[in-house]
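S.K.: Below you will find the structure I want to go over with you.
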Amino acid sequence: MSDSSSEGELEEQHQVFLLQMAGMAIVAAATAALVYAAPLYDKTPYHTSALSGEEWVKELINGHPERIRCELGVHKHVFQALIAYLKNIGHSHSRYVTIEEQLSIFLYKCVTGLSVRHVGERFQRSNDTISRYVFLAHHQIITDHYIPIAILR
Amino acid sequence: MLGIFSSPPFYTDYVSLPAADDLVAPYIGGNPKFFPFFKDAVGAIDGTHFACSPTAAERAAARDYKGGVTQNCLAACNFNLEFVYIFSGWEGSATDSAMFNDARLTDLHILPGKYYLADAGFPSSLGTVIPYRGIRYHLAEWGRAGLRYVIVHYSSRIRSNCECDSPVNAEELFNLRHSSARNIIERIFGILKNRFSILVIAPHYTMDVQARLAPALAAIHNFIRLYDPDEIKDLIDEAEDIQPGARMPQMGDLAAGPARAAERALADGKRDGIAQDMWAQYQAELTEREGQ
């Protein structure tokens with residue numbers, strides 16, 4: 001009798017122990033998930049400047065004629081001729097970035113030689129966006145037409 | 001954008017070699033010191049260095065003669081300050097003549113009878129006219145020539161009759177005029193690097209991306225020349241190439257590479273002809289001035 005009762009107690013203790021373990025595992029998993037996911041919903045926005053890249057480009061185009069020449073290396077009418085050329089070969093706005101801003105990103109990078117991060121700050125864009133428009137090829141393909149570049153041979 | 005500007009159609013629309021029916025540029029035709037002697041010159045050619053950031057494995061080869069890490073780039077321009085040819089992506093240690101020989105074997109087609117003005121680092125060939133070696137050449141030397149009365153006592157290499165700072169023979173006259181006409185290539189490099197700092201500050205991209213920068217920006221330079229021809233006036237004063245191509249006068253003969261002996265003899269003969277014509281004109285003008 002006593003044997004069977006102590007056996008039952010043992011069984012019960014074992015079950016409680018297993019339950020506790022399961023509970024701890026669940027808590028641990030939940031905590032891990034929480035820690036992992038926190039940045040996803042608890043984000044601090046990075047590009048919060050009041051002046052977006054698009055607005056800055058508009059300022060340059062409508063501002064003092066030497067301002068665009070200083071920042072982008074070309075006068076307004078040359079800038080617009082480049083835009084016309086790009087549109088003519090079938091290039092256009094992307095979903096979020098106008099063609100004017102795309103060209104400005106490239107020219108600003110070349111004129112200043114700044115890092116992608118700093119150009120991103122100027123245009124209030126992510127590093128990926130800046131890199132994409134600095135490299136961008138016609139129809140996203142760098143044509144394999146021969147350009148005399150020694151290391152590409 | 002880099003891909004667009006360094007590929008056709010943009011690149012080929014705005015950077016192209018001179019055509020056979022191009023007229024003599026006003027830069028040559030309007031200057032009695034250059035015309036008619038350089039009437040067949042279509043431009044100037046030289047190498048220049050752009051800062052680059054190669055991988056560790058490639059870094060040693062990119063080390064240039066000044067100790068910087070650069071990519072070397074062969075470029076030709078016409079006398080209207082437009083690029084007509086760009087060959088980029090060479091290691092900083094490459095010599096001008098190596099790049100030139102390679103370029104000629106691939107796609108630098110020089111019209112028969114025409115030539116580019118080049119410095120002493122280039123081979124004397126039918127496509128290039130180079131200065132006489134061992135003779136006063138660089139413009140700065142002419143600027144300092146007023147001091148030569150002092151220098152002459154310390155250097156046995158300088159001829160005795162050089163108290164004057166005007167050319168004393170056909171070779172010196174040729175070198176002086178060659179130098180001032182060829183200077184346009186140094187100006188165009190200076191303008192390009194002044195406008196686009198990315199060529200001076202090494203960008204952290206892979207080398208195939210970095211090698212595209214020079215052709216793309218040269219094409220944009222030409223685009224600006226076409227649509228904004230007066231803008232150049234604001235730039236000309238500040239234009240001086242910051243990282244010029246290698247100049248190794250003492251290694252000139254080695255660097256000149258294997259131009260064929262027969263071709264070199266022809267080219268040297270052509271140069272002598274130009275120099276003699278110049279000298280005859282110069283002497284005639286001096287006599288005329290004395291007569292007045």
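A note on labels: chains of the structure tokens are A, B, ... as shown, every chain counts residues from 1, and ligands are counted from 1 in their shown order.
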List every residue of segment 7-145 of chain A that DSSP, applied to the backbone of this structure, assigns to helix (DSSP H, G or I), and report them as a count of residues only.

M.R.: 100

S.K.: Write down, as a PyMOL selection string, each residue of chain B that has any atom within 9 Å of an atom of chain A, counting only C-alpha atoms.

M.R.: chain B and resi 1-11+73+85-91+103+106-107+194-204+207-209+211-213+215+217+220+223-224+227-228+231

S.K.: Output C-alpha atoms for every residue in the selection just made, as a PDB file, in the first residue's frame.

M.R.:
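New file result37.pdb:
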ATOM      1  CA  MET B   1      23.995  55.497 -63.469  1.00  0.00           C
ATOM      2  CA  LEU B   2      27.635  54.466 -63.683  1.00  0.00           C
ATOM      3  CA  GLY B   3      26.586  51.544 -65.877  1.00  0.00           C
ATOM      4  CA  ILE B   4      24.578  53.810 -68.160  1.00  0.00           C
ATOM      5  CA  PHE B   5      27.280  56.429 -68.596  1.00  0.00           C
ATOM      6  CA  SER B   6      30.116  53.965 -69.213  1.00  0.00           C
ATOM      7  CA  SER B   7      28.220  51.883 -71.783  1.00  0.00           C
ATOM      8  CA  PRO B   8      26.670  52.493 -75.162  1.00  0.00           C
ATOM      9  CA  PRO B   9      24.736  54.392 -76.259  1.00  0.00           C
ATOM     10  CA  PHE B  10      25.837  57.240 -73.962  1.00  0.00           C
ATOM     11  CA  TYR B  11      29.530  56.445 -73.940  1.00  0.00           C
ATOM     12  CA  CYS B  73      44.518  55.324 -67.311  1.00  0.00           C
ATOM     13  CA  TYR B  85      39.786  57.913 -76.091  1.00  0.00           C
ATOM     14  CA  ILE B  86      39.948  56.413 -72.609  1.00  0.00           C
ATOM     15  CA  PHE B  87      41.577  53.175 -71.587  1.00  0.00           C
ATOM     16  CA  SER B  88      41.167  52.663 -67.864  1.00  0.00           C
ATOM     17  CA  GLY B  89      41.760  50.051 -65.211  1.00  0.00           C
ATOM     18  CA  TRP B  90      45.497  49.586 -65.534  1.00  0.00           C
ATOM     19  CA  GLU B  91      47.566  48.990 -62.448  1.00  0.00           C
ATOM     20  CA  ALA B 103      45.793  50.179 -76.856  1.00  0.00           C
ATOM     21  CA  THR B 106      43.210  46.693 -79.723  1.00  0.00           C
ATOM     22  CA  ASP B 107      41.089  49.721 -80.455  1.00  0.00           C
ATOM     23  CA  ASN B 194      38.782  69.150 -60.161  1.00  0.00           C
ATOM     24  CA  ARG B 195      35.189  68.523 -61.091  1.00  0.00           C
ATOM     25  CA  PHE B 196      34.971  64.933 -59.875  1.00  0.00           C
ATOM     26  CA  SER B 197      36.753  64.421 -56.552  1.00  0.00           C
ATOM     27  CA  ILE B 198      35.885  60.721 -56.590  1.00  0.00           C
ATOM     28  CA  LEU B 199      38.853  60.297 -58.949  1.00  0.00           C
ATOM     29  CA  VAL B 200      41.193  61.691 -56.296  1.00  0.00           C
ATOM     30  CA  ILE B 201      39.639  60.024 -53.236  1.00  0.00           C
ATOM     31  CA  ALA B 202      39.817  56.232 -53.517  1.00  0.00           C
ATOM     32  CA  PRO B 203      36.250  54.864 -53.568  1.00  0.00           C
ATOM     33  CA  HIS B 204      35.618  51.540 -51.833  1.00  0.00           C
ATOM     34  CA  MET B 207      38.044  47.367 -59.218  1.00  0.00           C
ATOM     35  CA  ASP B 208      35.743  46.657 -62.159  1.00  0.00           C
ATOM     36  CA  VAL B 209      33.422  49.337 -60.818  1.00  0.00           C
ATOM     37  CA  ALA B 211      37.626  51.180 -63.691  1.00  0.00           C
ATOM     38  CA  ARG B 212      34.282  52.343 -65.102  1.00  0.00           C
ATOM     39  CA  LEU B 213      34.472  55.688 -63.331  1.00  0.00           C
ATOM     40  CA  PRO B 215      35.194  56.474 -68.931  1.00  0.00           C
ATOM     41  CA  LEU B 217      33.054  60.786 -66.126  1.00  0.00           C
ATOM     42  CA  ILE B 220      29.987  63.386 -68.960  1.00  0.00           C
ATOM     43  CA  PHE B 223      28.614  66.146 -72.646  1.00  0.00           C
ATOM     44  CA  ILE B 224      29.250  69.283 -70.598  1.00  0.00           C
ATOM     45  CA  TYR B 227      26.062  71.762 -73.892  1.00  0.00           C
ATOM     46  CA  ASP B 228      27.972  74.286 -71.777  1.00  0.00           C
ATOM     47  CA  GLU B 231      31.775  76.874 -68.521  1.00  0.00           C
TER      48      GLU B 231
END

S.K.: Can you tell me which residues surround segment 54-62 of chain A at a distance of at most 7 Å, considering only C-alpha atoms, apart from same-chain residues fewer than 4 positions away, and format the answer as a list of chain:residue names?

M.R.: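 Counting only C-alpha atoms, the residues come to A:Arg67, A:Ile68, A:Lys76, A:Glu101.
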
S.K.: Give me a file of those residues, with N, CA and C atoms, as a PDB file, in the first residue's frame.

M.R.:
ATOM      1  N   ARG A  67      24.525  77.142 -57.720  1.00  0.00           N
ATOM      2  CA  ARG A  67      24.400  76.193 -56.618  1.00  0.00           C
ATOM      3  C   ARG A  67      24.401  74.756 -57.147  1.00  0.00           C
ATOM      4  N   ILE A  68      23.637  74.513 -58.215  1.00  0.00           N
ATOM      5  CA  ILE A  68      23.582  73.163 -58.781  1.00  0.00           C
ATOM      6  C   ILE A  68      24.932  72.820 -59.417  1.00  0.00           C
ATOM      7  N   LYS A  76      22.268  73.904 -64.686  1.00  0.00           N
ATOM      8  CA  LYS A  76      20.903  73.385 -64.759  1.00  0.00           C
ATOM      9  C   LYS A  76      20.557  72.861 -66.153  1.00  0.00           C
ATOM     10  N   GLU A 101      16.363  62.673 -59.054  1.00  0.00           N
ATOM     11  CA  GLU A 101      17.090  62.344 -57.830  1.00  0.00           C
ATOM     12  C   GLU A 101      18.124  61.248 -58.100  1.00  0.00           C
TER      13      GLU A 101
END

S.K.: With a distance cut-off of 12 Å and only C-alpha atoms, select the neighbouring residues of Tyr132 of chain B, excluding the residue or stretch itself and same-chain residues fewer than 3 positions from it, and output the selection as a VMD selection string.

M.R.: chain B and resid 118 to 124 129 135 to 138 169 to 179 249 252 to 253 267 to 269 271 to 272 275
